[in-house]
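J.: Input structure_0.cif, format and content: mmCIF, C-alpha atoms.
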```cif
data_run
#
loop_
_atom_site.group_PDB
_atom_site.id
_atom_site.type_symbol
_atom_site.label_atom_id
_atom_site.label_comp_id
_atom_site.auth_asym_id
_atom_site.auth_seq_id
_atom_site.Cartn_x
_atom_site.Cartn_y
_atom_site.Cartn_z
ATOM 1 C CA MET J 1342 -23.890 6.902 -1.787
ATOM 2 C CA LYS J 1343 -21.025 9.366 -2.298
ATOM 3 C CA ALA J 1344 -17.678 7.695 -3.042
ATOM 4 C CA VAL J 1345 -14.162 8.490 -4.205
ATOM 5 C CA ARG J 1346 -13.509 6.177 -7.147
ATOM 6 C CA ILE J 1347 -11.051 5.534 -9.946
ATOM 7 C CA HIS J 1348 -12.060 4.404 -13.406
ATOM 8 C CA GLY J 1349 -8.520 3.423 -14.429
ATOM 9 C CA HIS J 1350 -4.925 3.674 -13.218
ATOM 10 C CA GLY J 1351 -2.949 6.906 -13.357
ATOM 11 C CA GLY J 1352 -2.397 10.156 -11.522
ATOM 12 C CA PRO J 1353 -4.824 12.441 -9.670
ATOM 13 C CA GLU J 1354 -6.789 13.000 -12.868
ATOM 14 C CA VAL J 1355 -8.351 9.502 -12.603
ATOM 15 C CA VAL J 1356 -9.871 10.196 -9.156
ATOM 16 C CA ARG J 1357 -13.538 11.211 -9.056
ATOM 17 C CA CYS J 1358 -15.834 12.025 -6.156
ATOM 18 C CA GLU J 1359 -19.201 10.822 -7.409
ATOM 19 C CA GLN J 1360 -22.466 9.073 -6.662
ATOM 20 C CA ALA J 1361 -22.083 5.294 -6.671
ATOM 21 C CA PRO J 1362 -24.568 2.468 -6.214
ATOM 22 C CA GLU J 1363 -24.863 1.180 -2.656
ATOM 23 C CA PRO J 1364 -23.179 -2.230 -2.384
ATOM 24 C CA LYS J 1365 -25.449 -5.253 -1.939
ATOM 25 C CA PRO J 1366 -24.005 -7.792 0.510
ATOM 26 C CA LYS J 1367 -24.040 -11.426 -0.529
ATOM 27 C CA ALA J 1368 -24.784 -14.323 1.802
ATOM 28 C CA ASN J 1369 -22.321 -14.391 4.711
ATOM 29 C CA GLU J 1370 -21.210 -10.790 3.999
ATOM 30 C CA VAL J 1371 -21.828 -7.634 5.992
ATOM 31 C CA LEU J 1372 -22.433 -4.062 4.856
ATOM 32 C CA VAL J 1373 -20.709 -1.378 6.918
ATOM 33 C CA GLN J 1374 -21.834 2.248 6.764
ATOM 34 C CA VAL J 1375 -18.800 4.534 6.557
ATOM 35 C CA LYS J 1376 -19.481 8.127 7.609
ATOM 36 C CA ALA J 1377 -16.010 9.460 6.771
ATOM 37 C CA CYS J 1378 -12.818 7.992 5.417
ATOM 38 C CA ALA J 1379 -9.310 9.188 4.621
ATOM 39 C CA LEU J 1380 -7.322 8.270 1.551
ATOM 40 C CA ASN J 1381 -3.847 6.989 2.353
ATOM 41 C CA HIS J 1382 -0.688 5.763 0.633
ATOM 42 C CA LEU J 1383 -2.227 2.392 -0.168
ATOM 43 C CA ASP J 1384 -4.884 4.231 -2.162
ATOM 44 C CA LEU J 1385 -2.110 6.081 -4.062
ATOM 45 C CA TRP J 1386 -0.457 2.771 -4.944
ATOM 46 C CA VAL J 1387 -3.761 1.187 -5.985
ATOM 47 C CA ARG J 1388 -4.508 4.232 -8.126
ATOM 48 C CA GLY J 1389 -1.083 3.920 -9.758
ATOM 49 C CA GLY J 1390 -1.487 0.169 -10.355
ATOM 50 C CA LEU J 1391 0.022 -2.585 -8.222
ATOM 51 C CA PRO J 1392 1.603 -5.698 -9.736
ATOM 52 C CA GLY J 1393 -0.731 -8.684 -9.562
ATOM 53 C CA LEU J 1394 -3.704 -6.600 -8.431
ATOM 54 C CA ASP J 1395 -6.488 -6.840 -10.994
ATOM 55 C CA LEU J 1396 -9.384 -4.589 -9.980
ATOM 56 C CA ASP J 1397 -12.863 -4.220 -11.362
ATOM 57 C CA MET J 1398 -13.361 -0.632 -12.451
ATOM 58 C CA PRO J 1399 -14.621 1.677 -11.240
ATOM 59 C CA HIS J 1400 -12.872 0.950 -7.945
ATOM 60 C CA THR J 1401 -13.857 2.711 -4.717
ATOM 61 C CA LEU J 1402 -10.890 4.053 -2.747
ATOM 62 C CA GLY J 1403 -10.781 4.415 1.040
ATOM 63 C CA SER J 1404 -8.725 1.631 2.576
ATOM 64 C CA ASP J 1405 -8.626 3.506 5.898
ATOM 65 C CA ALA J 1406 -12.271 2.656 6.547
ATOM 66 C CA ALA J 1407 -13.257 -0.161 8.877
ATOM 67 C CA VAL J 1408 -13.817 -2.335 5.830
ATOM 68 C CA GLY J 1409 -10.958 -4.646 6.751
ATOM 69 C CA MET J 1410 -12.681 -5.655 9.959
ATOM 70 C CA ALA J 1411 -15.986 -6.046 8.128
ATOM 71 C CA LEU J 1412 -14.340 -8.407 5.651
ATOM 72 C CA ILE J 1413 -12.835 -10.455 8.473
ATOM 73 C CA LEU J 1414 -16.188 -10.648 10.273
ATOM 74 C CA SER J 1415 -17.851 -11.657 7.011
ATOM 75 C CA LEU J 1416 -15.271 -14.385 6.449
ATOM 76 C CA LEU J 1417 -15.679 -15.677 9.995
ATOM 77 C CA ALA J 1418 -19.469 -15.685 9.703
ATOM 78 C CA GLY J 1419 -19.300 -18.068 6.753
ATOM 79 C CA ASP J 1420 -16.257 -20.065 7.833
ATOM 80 C CA LYS J 1421 -17.150 -20.929 11.457
ATOM 81 C CA ARG J 1422 -13.457 -21.261 12.396
ATOM 82 C CA PRO J 1423 -11.657 -19.216 15.069
ATOM 83 C CA LEU J 1424 -9.927 -16.034 13.908
ATOM 84 C CA SER J 1425 -6.534 -17.434 14.937
ATOM 85 C CA THR J 1426 -7.006 -20.413 12.585
ATOM 86 C CA VAL J 1427 -8.042 -18.207 9.661
ATOM 87 C CA ALA J 1428 -5.237 -15.677 10.322
ATOM 88 C CA ALA J 1429 -2.629 -18.456 10.345
ATOM 89 C CA GLU J 1430 -3.407 -19.119 6.667
ATOM 90 C CA PHE J 1431 -2.477 -15.591 5.555
ATOM 91 C CA PRO J 1432 1.113 -14.688 4.664
ATOM 92 C CA ARG J 1433 3.022 -12.746 7.302
ATOM 93 C CA TYR J 1434 5.041 -9.672 6.454
ATOM 94 C CA PHE J 1435 7.585 -7.853 8.559
ATOM 95 C CA THR J 1436 8.363 -4.144 8.365
ATOM 96 C CA ALA J 1437 11.584 -2.234 8.960
ATOM 97 C CA LYS J 1438 11.454 1.588 8.988
ATOM 98 C CA SER J 1439 13.888 4.440 9.352
ATOM 99 C CA THR J 1440 14.044 8.201 8.807
ATOM 100 C CA ARG J 1441 17.017 10.414 7.979
ATOM 101 C CA PRO J 1442 17.572 14.117 7.222
ATOM 102 C CA ILE J 1443 17.282 14.839 3.502
ATOM 103 C CA PRO J 1444 20.764 15.213 1.972
ATOM 104 C CA LYS J 1445 21.399 17.975 -0.576
ATOM 105 C CA ASN J 1446 21.655 15.488 -3.447
ATOM 106 C CA PHE J 1447 18.593 13.441 -2.410
ATOM 107 C CA ALA J 1448 16.946 13.453 -5.874
ATOM 108 C CA SER J 1449 20.050 12.211 -7.690
ATOM 109 C CA ARG J 1450 20.692 9.534 -5.065
ATOM 110 C CA LEU J 1451 17.069 8.393 -5.240
ATOM 111 C CA LYS J 1452 17.508 7.777 -8.984
ATOM 112 C CA ARG J 1453 20.000 5.010 -8.078
ATOM 113 C CA LEU J 1454 17.234 2.890 -6.548
ATOM 114 C CA PRO J 1455 15.662 1.607 -9.807
ATOM 115 C CA LYS J 1456 19.159 0.905 -11.173
ATOM 116 C CA LYS J 1457 20.003 -1.343 -8.214
ATOM 117 C CA TYR J 1458 16.701 -3.232 -8.382
ATOM 118 C CA ILE J 1459 16.471 -3.514 -12.169
ATOM 119 C CA LYS J 1460 14.259 -6.628 -11.949
ATOM 120 C CA GLY J 1461 11.813 -5.026 -9.527
ATOM 121 C CA LYS J 1462 8.500 -3.398 -10.445
ATOM 122 C CA ILE J 1463 8.871 0.345 -9.863
ATOM 123 C CA ASN J 1464 6.090 2.648 -8.683
ATOM 124 C CA ARG J 1465 6.844 6.407 -8.629
ATOM 125 C CA ILE J 1466 3.492 7.666 -7.335
ATOM 126 C CA ASP J 1467 4.830 8.698 -3.891
ATOM 127 C CA GLY J 1468 8.622 8.652 -3.896
ATOM 128 C CA ILE J 1469 9.909 5.375 -5.279
ATOM 129 C CA LYS J 1470 8.605 1.975 -4.284
ATOM 130 C CA VAL J 1471 10.264 -1.180 -5.624
ATOM 131 C CA PHE J 1472 8.248 -4.395 -5.571
ATOM 132 C CA LEU J 1473 10.481 -7.471 -5.428
ATOM 133 C CA PRO J 1474 9.523 -11.156 -5.347
ATOM 134 C CA ASP J 1475 10.472 -11.356 -1.657
ATOM 135 C CA GLY J 1476 9.427 -7.913 -0.432
ATOM 136 C CA SER J 1477 9.313 -4.208 -1.182
ATOM 137 C CA LEU J 1478 11.323 -1.067 -0.503
ATOM 138 C CA HIS J 1479 9.714 2.380 -0.381
ATOM 139 C CA ILE J 1480 11.666 5.637 -0.086
ATOM 140 C CA ARG J 1481 9.909 8.986 0.037
ATOM 141 C CA ALA J 1482 10.498 12.497 1.250
ATOM 142 C CA SER J 1483 8.256 13.655 4.059
ATOM 143 C CA ASN J 1484 5.636 16.212 3.128
ATOM 144 C CA THR J 1485 5.918 17.963 6.490
ATOM 145 C CA GLU J 1486 9.546 17.649 7.664
ATOM 146 C CA PRO J 1487 13.023 17.882 6.066
ATOM 147 C CA ILE J 1488 13.461 14.091 6.296
ATOM 148 C CA TYR J 1489 13.026 11.046 4.102
ATOM 149 C CA ARG J 1490 11.426 7.780 5.119
ATOM 150 C CA VAL J 1491 12.599 4.286 4.232
ATOM 151 C CA THR J 1492 10.096 1.460 4.654
ATOM 152 C CA ALA J 1493 10.864 -2.142 3.773
ATOM 153 C CA GLU J 1494 8.475 -5.093 3.919
ATOM 154 C CA ALA J 1495 9.401 -8.740 3.512
ATOM 155 C CA ARG J 1496 8.394 -12.257 4.543
ATOM 156 C CA SER J 1497 11.096 -12.284 7.218
ATOM 157 C CA ALA J 1498 12.237 -9.627 9.673
ATOM 158 C CA LYS J 1499 15.840 -10.189 8.585
ATOM 159 C CA ARG J 1500 15.058 -9.564 4.903
ATOM 160 C CA ALA J 1501 13.069 -6.418 5.795
ATOM 161 C CA ARG J 1502 16.078 -5.089 7.746
ATOM 162 C CA VAL J 1503 18.428 -5.920 4.855
ATOM 163 C CA LEU J 1504 16.206 -4.098 2.330
ATOM 164 C CA MET J 1505 15.960 -1.074 4.635
ATOM 165 C CA ALA J 1506 19.744 -1.000 5.090
ATOM 166 C CA GLU J 1507 20.244 -1.222 1.310
ATOM 167 C CA GLY J 1508 17.903 1.729 0.822
ATOM 168 C CA LEU J 1509 19.755 3.779 3.423
ATOM 169 C CA THR J 1510 23.102 2.886 1.828
ATOM 170 C CA ILE J 1511 21.908 3.988 -1.616
ATOM 171 C CA LEU J 1512 20.963 7.355 -0.145
ATOM 172 C CA GLY J 1513 24.167 7.644 1.837
ATOM 173 C CA GLY J 1514 22.460 7.239 5.203
#
```
For this file, write the structure as structure tokens.
T.:
Amino acid sequence: MKAVRIHGHGGPEVVRCEQAPEPKPKANEVLVQVKACALNHLDLWVRGGLPGLDLDMPHTLGSDAAVGMALILSLLAGDKRPLSTVAAEFPRYFTAKSTRPIPKNFASRLKRLPKKYIKGKINRIDGIKVFLPDGSLHIRASNTEPIYRVTAEARSAKRARVLMAEGLTILGG
């Protein structure tokens, strides 16, 4: 099969479009044929290396495929419990998002982010994303509009809103 894979973490130079062996499903797993798939921001973060994520290499990118549903169906096939019961065991995350026009000193203001969250893990693959023990904050300029986007994720809606507000404050928004 043709696949977009990485053989290590880094920039675009680690991405290869190549022939890869077809996966062999194990018992209680399903194999889904993907005709086309987009690469998205999650794939950028995986390529750059995410804290706590230890991948076997080479790793096939393409998180936009229907693989998530296939994994859930596979889990349910072996587990025999209702989806609601299985889903209740997974952690819940809340998202807070905002956009603002890009200020003239956007780049210098963005440099303040790692200084504020000195204990966070910083990823600079697509803007700046700070991974914190209780959530994450991602700030990036749009590739198509003169705006920047602030996205915060946390285990509570309140914490996600607080992180988003902190990001906006750092950038003067």
J.: List every residue of stretch 1399-1465 of chain J that has an atom at most 7 Å from any atom of stretch 1499-1509 of chain J, and for each one report the closest atom pair and its distance in Å to one decimal, counting all atoms listed in the file, with rows sorted by chain and then by increasing residue number, as a Markdown table.
T.:
```
| residue | atom | partner | partner_atom | distance |
| --- | --- | --- | --- | --- |
| J:Phe1435 | CA | J:Ala1501 | CA | 6.3 |
| J:Thr1436 | CA | J:Ala1501 | CA | 5.8 |
| J:Ala1437 | CA | J:Ala1501 | CA | 5.5 |
| J:Lys1438 | CA | J:Met1505 | CA | 6.8 |
```
J.: For atom CA of J:Pro1444 and atom CA of J:Ala1495, determine how far apart the two atoms are, in Å to one decimal place.
T.: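 Atom CA of J:Ala1495 lies 26.6 Å from atom CA of J:Pro1444.
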J.: I'd like the interatomic distance between atom CA of J:Lys1343 and atom CA of J:Val1373, to a tenth of an Å.
T.: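 Going from atom CA of J:Lys1343 over to atom CA of J:Val1373, I get 14.2 Å.
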J.: Tell me which protein, DNA and RNA residues are within 7 Å of stretch 1471-1479 of chain J, counting only C-alpha atoms, leaving out same-chain ones fewer than 3 positions away, and put them as a list in words.
T.: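 Counting only the stated atoms, we get Gly1461, Lys1462, Ile1463, Asn1464, Val1491, Thr1492, Ala1493, Glu1494, Ala1495, Arg1496, Leu1504 and Met1505 of chain J.
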J.: Which residues match the PyMOL selection byres ((chain J and resi 1346-1363) around 7) in the file above, as a PyMOL selection string?
T.: chain J and resi 1342-1345+1364-1365+1388-1390+1398-1402
J.: Taking only C-alpha atoms into account, name the residue in J:Ala1377, J:Met1410, J:Ile1480, J:Leu1383 that is nearest to J:Arg1465.
T.: J:Ile1480
J.: For the atom pair atom CA of J:Leu1372 and atom CA of J:Leu1412, what is the interatomic distance in Å to one decimal place?
T.: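 Pair atom CA of J:Leu1372 / atom CA of J:Leu1412 returns 9.2 Å.
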J.: Report as a list of chain:residue names the full result of the PyMOL selection byres ((chain J and resi 1445) around 12) when it is applied to this structure.
T.: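 Output from the PyMOL selection byres ((chain J and resi 1445) around 12), applied to this file: J:Pro1442, J:Ile1443, J:Pro1444, J:Asn1446, J:Phe1447, J:Ala1448, J:Ser1449, J:Arg1450, J:Leu1451, J:Pro1487, J:Ile1488, J:Tyr1489, J:Leu1512, J:Gly1513.
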J.: Nearest to J:Arg1481: which of J:His1382, J:Lys1421, J:Arg1433, J:Asp1395 is it, counting all atoms listed in the file?
T.: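 Using all atoms listed in the file, the shortest distance to J:Arg1481 belongs to J:His1382.
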J.: Would you compute, for all listed atoms of stretch 1496-1510 of chain J, the axis-aligned bounding box grown by 8 Å on each side, and then report its centre and edge lengths in Å rounded to one decimal, as JSON?
T.:
```
{"center_x": 15.7, "center_y": -4.3, "center_z": 5.2, "size_x": 30.7, "size_y": 32.1, "size_z": 24.9}
```
J.: Please list as a list in words every residue within 7 Å of J:Arg1490, counting only C-alpha atoms and excluding residues in the same chain fewer than 3 positions away.
T.: Ser1439, Thr1440, Arg1441, Ile1480, Arg1481, Ala1482 and Ser1483 of chain J
J.: Return the single residue from J:Ala1428, J:Leu1414, J:Ala1379, J:Ile1511 that is closest to J:Lys1457, with distances computed using all atoms listed in the file.
T.: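 Checking each candidate against J:Lys1457, we get J:Ile1511 as the closest.
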